[in-house]
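Okay, so here's the structure we're looking at.
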Amino acid sequence: MRNGPETYLSVVVPVYQSGRSLEALISRLEAVMAGISQQVELILVDDGSSDNSWELICAAARNSPKVKGICLSRNFGQHHAIAAGLDVSRGRWTVVMDADLQDLPEEIPHLLSKAMHGYDAVLARRINRKGRRWKIALSAGFYRVFRYMTGTPLDPAVGNFGVYHRKVIQAILQMRESIRYFPAQVQWVGFRQGYFNVSHGKSAVSSSNYGFRSKFHLGLNALMAFSDKPLRLTIKLGFLIASIGFIFALTTLIRYFTGSIVVPGYASLIVSVWVLAGLILMTLGMVGLYVGKTFEGVKNRPLYVVDKKT
């Protein structure tokens, strides 16, 4: 945590391949923040971009002392970049938002106004979401699975965008696990949370930096980080298969002693072997994933490595 006087508002933005949107984003954020308070800071975390994102961040920092830039040594992932920004933030209130202009800076005063009604966190619920329908449907499906597996009530219309009180941020900063998913961390720490409907802007980039593969790995990691239910489900599945196997064995014995079986069933034997072998491999794979993530966690490596700062 950075030492020094507390500011009123910190805005943390993870940046990756955002050269097309950064200038417009910074300009709009500076205008919005100037209307809120003079005690503000904008923290831009470059998550290993290969375009001109860092050069734009440096230029903005030279023009305004309220802009601070952090350049990570490589791409660690959006949620690790958010952690890097939160680690140096000093605001009584902190806004976390994306850099592609889908999170509108002009909504920040509305979120703060809602927070003044006694909320410790106000989450932006995106209405009329922009994007392909199949991606929105896939996202909604993931949140349903996540809610079932973890018991965490995540809203598909809510992402990282929101305003958070200092005590919420401090609680999240105590969570130093290597697998990070910011919306779930916000829900886990609790406090009084509210929602505010916001407009959803059009992305400034033609294609998302999060492909299907990246989203799949993020979702799988988040599930394993916040729930052991997949392991418990494999136990229930094993019990179900064992029960079916016991009934099948009992039925086979009855048929054998009554003389119904003349030729041993090759098909049933092969099917049983393949099904059980597949279930065993699936269970071992599930356990292996958890063991691997545990190994990753006990190494206690830093969440990110900073290369440069403005």
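By convention in this document, the chains of the structure tokens carry letters A, B, ... by their order, each chain's residues are numbered from 1, and ligands are numbered from 1 in the order they are shown.
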
Just want the 10 Å neighbourhood of Ile82 of chain A, counted on only C-alpha atoms, with same-chain residues fewer than 4 positions away dropped. Output as an mmCIF file with N, CA, C and O atoms, in the first residue's frame.
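Here's the written file out.cif:
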data_model
loop_
_atom_site.group_PDB
_atom_site.id
_atom_site.type_symbol
_atom_site.label_atom_id
_atom_site.label_comp_id
_atom_site.auth_asym_id
_atom_site.auth_seq_id
_atom_site.Cartn_x
_atom_site.Cartn_y
_atom_site.Cartn_z
ATOM 1 N N VAL A 12 -8.997 3.251 -11.278
ATOM 2 C CA VAL A 12 -8.045 2.226 -11.687
ATOM 3 C C VAL A 12 -8.517 1.602 -12.991
ATOM 4 O O VAL A 12 -9.648 1.103 -13.077
ATOM 5 N N VAL A 13 -7.638 1.629 -14.004
ATOM 6 C CA VAL A 13 -7.998 1.106 -15.325
ATOM 7 C C VAL A 13 -6.924 0.126 -15.788
ATOM 8 O O VAL A 13 -5.786 0.526 -16.026
ATOM 9 N N PRO A 14 -7.245 -1.167 -15.919
ATOM 10 C CA PRO A 14 -6.294 -2.099 -16.540
ATOM 11 C C PRO A 14 -6.281 -1.880 -18.049
ATOM 12 O O PRO A 14 -7.342 -1.749 -18.680
ATOM 13 N N VAL A 15 -5.099 -1.819 -18.620
ATOM 14 C CA VAL A 15 -4.952 -1.476 -20.038
ATOM 15 C C VAL A 15 -4.230 -2.606 -20.763
ATOM 16 O O VAL A 15 -3.159 -3.041 -20.341
ATOM 17 N N ILE A 43 -5.124 5.939 -12.304
ATOM 18 C CA ILE A 43 -4.061 4.930 -12.327
ATOM 19 C C ILE A 43 -4.296 3.996 -13.509
ATOM 20 O O ILE A 43 -5.290 3.271 -13.553
ATOM 21 N N LEU A 44 -3.380 4.052 -14.473
ATOM 22 C CA LEU A 44 -3.475 3.236 -15.682
ATOM 23 C C LEU A 44 -2.410 2.141 -15.617
ATOM 24 O O LEU A 44 -1.226 2.440 -15.498
ATOM 25 N N VAL A 45 -2.839 0.889 -15.672
ATOM 26 C CA VAL A 45 -1.920 -0.242 -15.535
ATOM 27 C C VAL A 45 -1.801 -0.948 -16.875
ATOM 28 O O VAL A 45 -2.760 -1.582 -17.344
ATOM 29 N N ASP A 47 -0.880 -3.813 -18.985
ATOM 30 C CA ASP A 47 -0.701 -5.242 -18.721
ATOM 31 C C ASP A 47 0.058 -5.922 -19.869
ATOM 32 O O ASP A 47 -0.423 -6.869 -20.478
ATOM 33 N N GLY A 77 -2.672 -10.693 -16.911
ATOM 34 C CA GLY A 77 -4.109 -10.872 -16.895
ATOM 35 C C GLY A 77 -4.799 -9.653 -16.302
ATOM 36 O O GLY A 77 -4.246 -8.948 -15.441
ATOM 37 N N GLN A 78 -6.010 -9.421 -16.763
ATOM 38 C CA GLN A 78 -6.753 -8.223 -16.363
ATOM 39 C C GLN A 78 -6.901 -8.088 -14.847
ATOM 40 O O GLN A 78 -6.718 -7.003 -14.290
ATOM 41 N N LEU A 86 -4.859 -1.300 -7.583
ATOM 42 C CA LEU A 86 -5.425 -1.138 -6.244
ATOM 43 C C LEU A 86 -4.338 -1.031 -5.190
ATOM 44 O O LEU A 86 -4.506 -0.326 -4.185
ATOM 45 N N ASP A 87 -3.210 -1.714 -5.403
ATOM 46 C CA ASP A 87 -2.113 -1.684 -4.438
ATOM 47 C C ASP A 87 -1.553 -0.281 -4.236
ATOM 48 O O ASP A 87 -1.033 0.023 -3.155
ATOM 49 N N VAL A 96 -13.190 1.147 -10.472
ATOM 50 C CA VAL A 96 -12.506 0.200 -11.348
ATOM 51 C C VAL A 96 -13.318 0.108 -12.632
ATOM 52 O O VAL A 96 -14.545 -0.065 -12.592
ATOM 53 N N MET A 97 -12.649 0.238 -13.776
ATOM 54 C CA MET A 97 -13.355 0.205 -15.054
ATOM 55 C C MET A 97 -12.430 -0.297 -16.151
ATOM 56 O O MET A 97 -11.208 -0.316 -15.990
ATOM 57 N N ASP A 98 -13.028 -0.723 -17.268
ATOM 58 C CA ASP A 98 -12.257 -1.205 -18.411
ATOM 59 C C ASP A 98 -11.832 -0.035 -19.289
ATOM 60 O O ASP A 98 -12.355 1.082 -19.173
ATOM 61 N N ASN A 160 -16.591 -5.423 -13.878
ATOM 62 C CA ASN A 160 -15.650 -4.787 -12.944
ATOM 63 C C ASN A 160 -16.087 -3.373 -12.559
ATOM 64 O O ASN A 160 -15.699 -2.871 -11.500
ATOM 65 N N ARG A 180 -7.286 -14.886 -9.478
ATOM 66 C CA ARG A 180 -8.047 -13.698 -9.115
ATOM 67 C C ARG A 180 -9.224 -13.494 -10.074
ATOM 68 O O ARG A 180 -9.092 -13.679 -11.280
ATOM 69 N N TYR A 181 -10.352 -13.100 -9.482
ATOM 70 C CA TYR A 181 -11.525 -12.737 -10.279
ATOM 71 C C TYR A 181 -12.235 -11.632 -9.511
ATOM 72 O O TYR A 181 -12.914 -11.887 -8.525
ATOM 73 N N PHE A 182 -12.045 -10.400 -9.946
ATOM 74 C CA PHE A 182 -12.430 -9.233 -9.167
ATOM 75 C C PHE A 182 -13.915 -9.202 -8.786
ATOM 76 O O PHE A 182 -14.252 -8.957 -7.620
#

Find the residue from A:Ala81, A:Ala60, A:Phe76, A:Pro109 that sits nearest to Ile36 of chain A; use only C-alpha atoms when measuring.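 Once distances to Ile36 of chain A are computed over only C-alpha atoms, the minimum belongs to A:Pro109.
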
Residue nearest Ile280 of chain A - candidates A:Arg301, A:His117, A:Leu250, A:Ile241, atoms counted: only C-alpha atoms: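 Among A:Arg301, A:His117, A:Leu250, A:Ile241, it is A:Ile241 that comes nearest to Ile280 of chain A.
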
Near-Arg192 of chain A list (9 Å; only C-alpha atoms; drop same-chain fewer than 3 positions) as a PyMOL selection string: chain A and resi 118-122

Output of the above residues as a PDB file, in the first residue's frame, restricted to N, CA and C atoms:
ATOM      1  N   GLY A 118     -25.324   5.539   1.697  1.00  0.00           N
ATOM      2  CA  GLY A 118     -24.953   4.574   2.719  1.00  0.00           C
ATOM      3  C   GLY A 118     -24.389   3.269   2.211  1.00  0.00           C
ATOM      4  N   TYR A 119     -24.010   3.204   0.926  1.00  0.00           N
ATOM      5  CA  TYR A 119     -23.455   1.975   0.358  1.00  0.00           C
ATOM      6  C   TYR A 119     -21.929   2.002   0.420  1.00  0.00           C
ATOM      7  N   ASP A 120     -21.350   0.834   0.645  1.00  0.00           N
ATOM      8  CA  ASP A 120     -19.895   0.703   0.617  1.00  0.00           C
ATOM      9  C   ASP A 120     -19.387   0.354  -0.772  1.00  0.00           C
ATOM     10  N   ALA A 121     -20.249  -0.166  -1.610  1.00  0.00           N
ATOM     11  CA  ALA A 121     -19.904  -0.470  -3.003  1.00  0.00           C
ATOM     12  C   ALA A 121     -21.157  -0.312  -3.844  1.00  0.00           C
ATOM     13  N   VAL A 122     -21.001   0.338  -4.978  1.00  0.00           N
ATOM     14  CA  VAL A 122     -22.098   0.464  -5.938  1.00  0.00           C
ATOM     15  C   VAL A 122     -21.624  -0.116  -7.256  1.00  0.00           C
TER      16      VAL A 122
END

Kindly indicate which residue among A:Ala59, A:Leu123, A:Val11, A:Cys71 lies nearest to Val95 of chain A, using only C-alpha atoms for the distances.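 Using only C-alpha atoms, Val95 of chain A sits closest to A:Val11.
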
Near-Pro302 of chain A list (10 Å; only C-alpha atoms; drop same-chain fewer than 2 positions) as number ranges by chain: A: 176-178, 299-300, 304-305

Using the selection just defined, write its residues with all heavy atoms as a PDB file, in the first residue's frame.
ATOM      1  N   ARG A 176      -4.500 -12.393  -1.355  1.00  0.00           N
ATOM      2  CA  ARG A 176      -3.313 -12.421  -2.216  1.00  0.00           C
ATOM      3  C   ARG A 176      -3.181 -13.726  -2.988  1.00  0.00           C
ATOM      4  O   ARG A 176      -2.095 -14.069  -3.453  1.00  0.00           O
ATOM      5  CB  ARG A 176      -2.045 -12.203  -1.381  1.00  0.00           C
ATOM      6  CG  ARG A 176      -2.056 -10.960  -0.531  1.00  0.00           C
ATOM      7  CD  ARG A 176      -2.355  -9.707  -1.305  1.00  0.00           C
ATOM      8  NE  ARG A 176      -1.281  -9.291  -2.196  1.00  0.00           N
ATOM      9  CZ  ARG A 176      -1.311  -8.192  -2.939  1.00  0.00           C
ATOM     10  NH1 ARG A 176      -2.393  -7.418  -2.934  1.00  0.00           N
ATOM     11  NH2 ARG A 176      -0.304  -7.892  -3.725  1.00  0.00           N
ATOM     12  N   GLU A 177      -4.283 -14.464  -3.147  1.00  0.00           N
ATOM     13  CA  GLU A 177      -4.200 -15.711  -3.902  1.00  0.00           C
ATOM     14  C   GLU A 177      -3.886 -15.433  -5.368  1.00  0.00           C
ATOM     15  O   GLU A 177      -4.234 -14.376  -5.908  1.00  0.00           O
ATOM     16  CB  GLU A 177      -5.497 -16.525  -3.789  1.00  0.00           C
ATOM     17  CG  GLU A 177      -6.730 -15.791  -4.255  1.00  0.00           C
ATOM     18  CD  GLU A 177      -7.528 -15.228  -3.096  1.00  0.00           C
ATOM     19  OE1 GLU A 177      -6.905 -14.824  -2.097  1.00  0.00           O
ATOM     20  OE2 GLU A 177      -8.768 -15.184  -3.201  1.00  0.00           O
ATOM     21  N   SER A 178      -3.225 -16.395  -6.007  1.00  0.00           N
ATOM     22  CA  SER A 178      -2.751 -16.200  -7.372  1.00  0.00           C
ATOM     23  C   SER A 178      -3.884 -16.225  -8.391  1.00  0.00           C
ATOM     24  O   SER A 178      -3.779 -15.609  -9.451  1.00  0.00           O
ATOM     25  CB  SER A 178      -1.715 -17.280  -7.727  1.00  0.00           C
ATOM     26  OG  SER A 178      -2.270 -18.581  -7.585  1.00  0.00           O
ATOM     27  N   LYS A 299       3.646 -21.699  -3.953  1.00  0.00           N
ATOM     28  CA  LYS A 299       4.927 -21.128  -4.372  1.00  0.00           C
ATOM     29  C   LYS A 299       5.064 -19.680  -3.926  1.00  0.00           C
ATOM     30  O   LYS A 299       6.171 -19.142  -3.856  1.00  0.00           O
ATOM     31  CB  LYS A 299       5.059 -21.230  -5.902  1.00  0.00           C
ATOM     32  CG  LYS A 299       5.314 -22.644  -6.383  1.00  0.00           C
ATOM     33  CD  LYS A 299       5.611 -22.704  -7.873  1.00  0.00           C
ATOM     34  CE  LYS A 299       4.398 -22.409  -8.708  1.00  0.00           C
ATOM     35  NZ  LYS A 299       4.639 -22.649 -10.149  1.00  0.00           N
ATOM     36  N   ASN A 300       3.921 -19.051  -3.652  1.00  0.00           N
ATOM     37  CA  ASN A 300       3.908 -17.696  -3.076  1.00  0.00           C
ATOM     38  C   ASN A 300       4.657 -16.691  -3.946  1.00  0.00           C
ATOM     39  O   ASN A 300       5.375 -15.826  -3.436  1.00  0.00           O
ATOM     40  CB  ASN A 300       4.481 -17.708  -1.662  1.00  0.00           C
ATOM     41  CG  ASN A 300       4.050 -16.492  -0.852  1.00  0.00           C
ATOM     42  OD1 ASN A 300       2.977 -15.939  -1.090  1.00  0.00           O
ATOM     43  ND2 ASN A 300       4.861 -16.081   0.092  1.00  0.00           N
ATOM     44  N   TYR A 304       2.215  -9.943  -9.589  1.00  0.00           N
ATOM     45  CA  TYR A 304       2.629  -9.244 -10.813  1.00  0.00           C
ATOM     46  C   TYR A 304       4.037  -8.721 -10.608  1.00  0.00           C
ATOM     47  O   TYR A 304       4.536  -8.673  -9.482  1.00  0.00           O
ATOM     48  CB  TYR A 304       1.665  -8.091 -11.123  1.00  0.00           C
ATOM     49  CG  TYR A 304       1.511  -7.130  -9.980  1.00  0.00           C
ATOM     50  CD1 TYR A 304       2.413  -6.083  -9.790  1.00  0.00           C
ATOM     51  CD2 TYR A 304       0.493  -7.299  -9.051  1.00  0.00           C
ATOM     52  CE1 TYR A 304       2.289  -5.217  -8.718  1.00  0.00           C
ATOM     53  CE2 TYR A 304       0.359  -6.441  -7.972  1.00  0.00           C
ATOM     54  CZ  TYR A 304       1.252  -5.404  -7.811  1.00  0.00           C
ATOM     55  OH  TYR A 304       1.143  -4.554  -6.745  1.00  0.00           O
ATOM     56  N   VAL A 305       4.676  -8.350 -11.685  1.00  0.00           N
ATOM     57  CA  VAL A 305       6.014  -7.755 -11.628  1.00  0.00           C
ATOM     58  C   VAL A 305       5.965  -6.430 -12.376  1.00  0.00           C
ATOM     59  O   VAL A 305       5.542  -6.385 -13.532  1.00  0.00           O
ATOM     60  CB  VAL A 305       7.074  -8.677 -12.266  1.00  0.00           C
ATOM     61  CG1 VAL A 305       8.443  -7.986 -12.244  1.00  0.00           C
ATOM     62  CG2 VAL A 305       7.139 -10.018 -11.534  1.00  0.00           C
TER      63      VAL A 305
END

So that I can see what lies close to Asn197 of chain A, please list as a ChimeraX atom specification the residues with an atom at most 7 Å from it, counting only C-alpha atoms and leaving out residues fewer than 6 positions away in the same chain. /A:124-127

Atom CA of Gln187 of chain A to atom CA of Leu233 of chain A, straight-line distance in Å: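 Computed distance, atom CA of Leu233 of chain A to atom CA of Gln187 of chain A, equals 23.5 Å.
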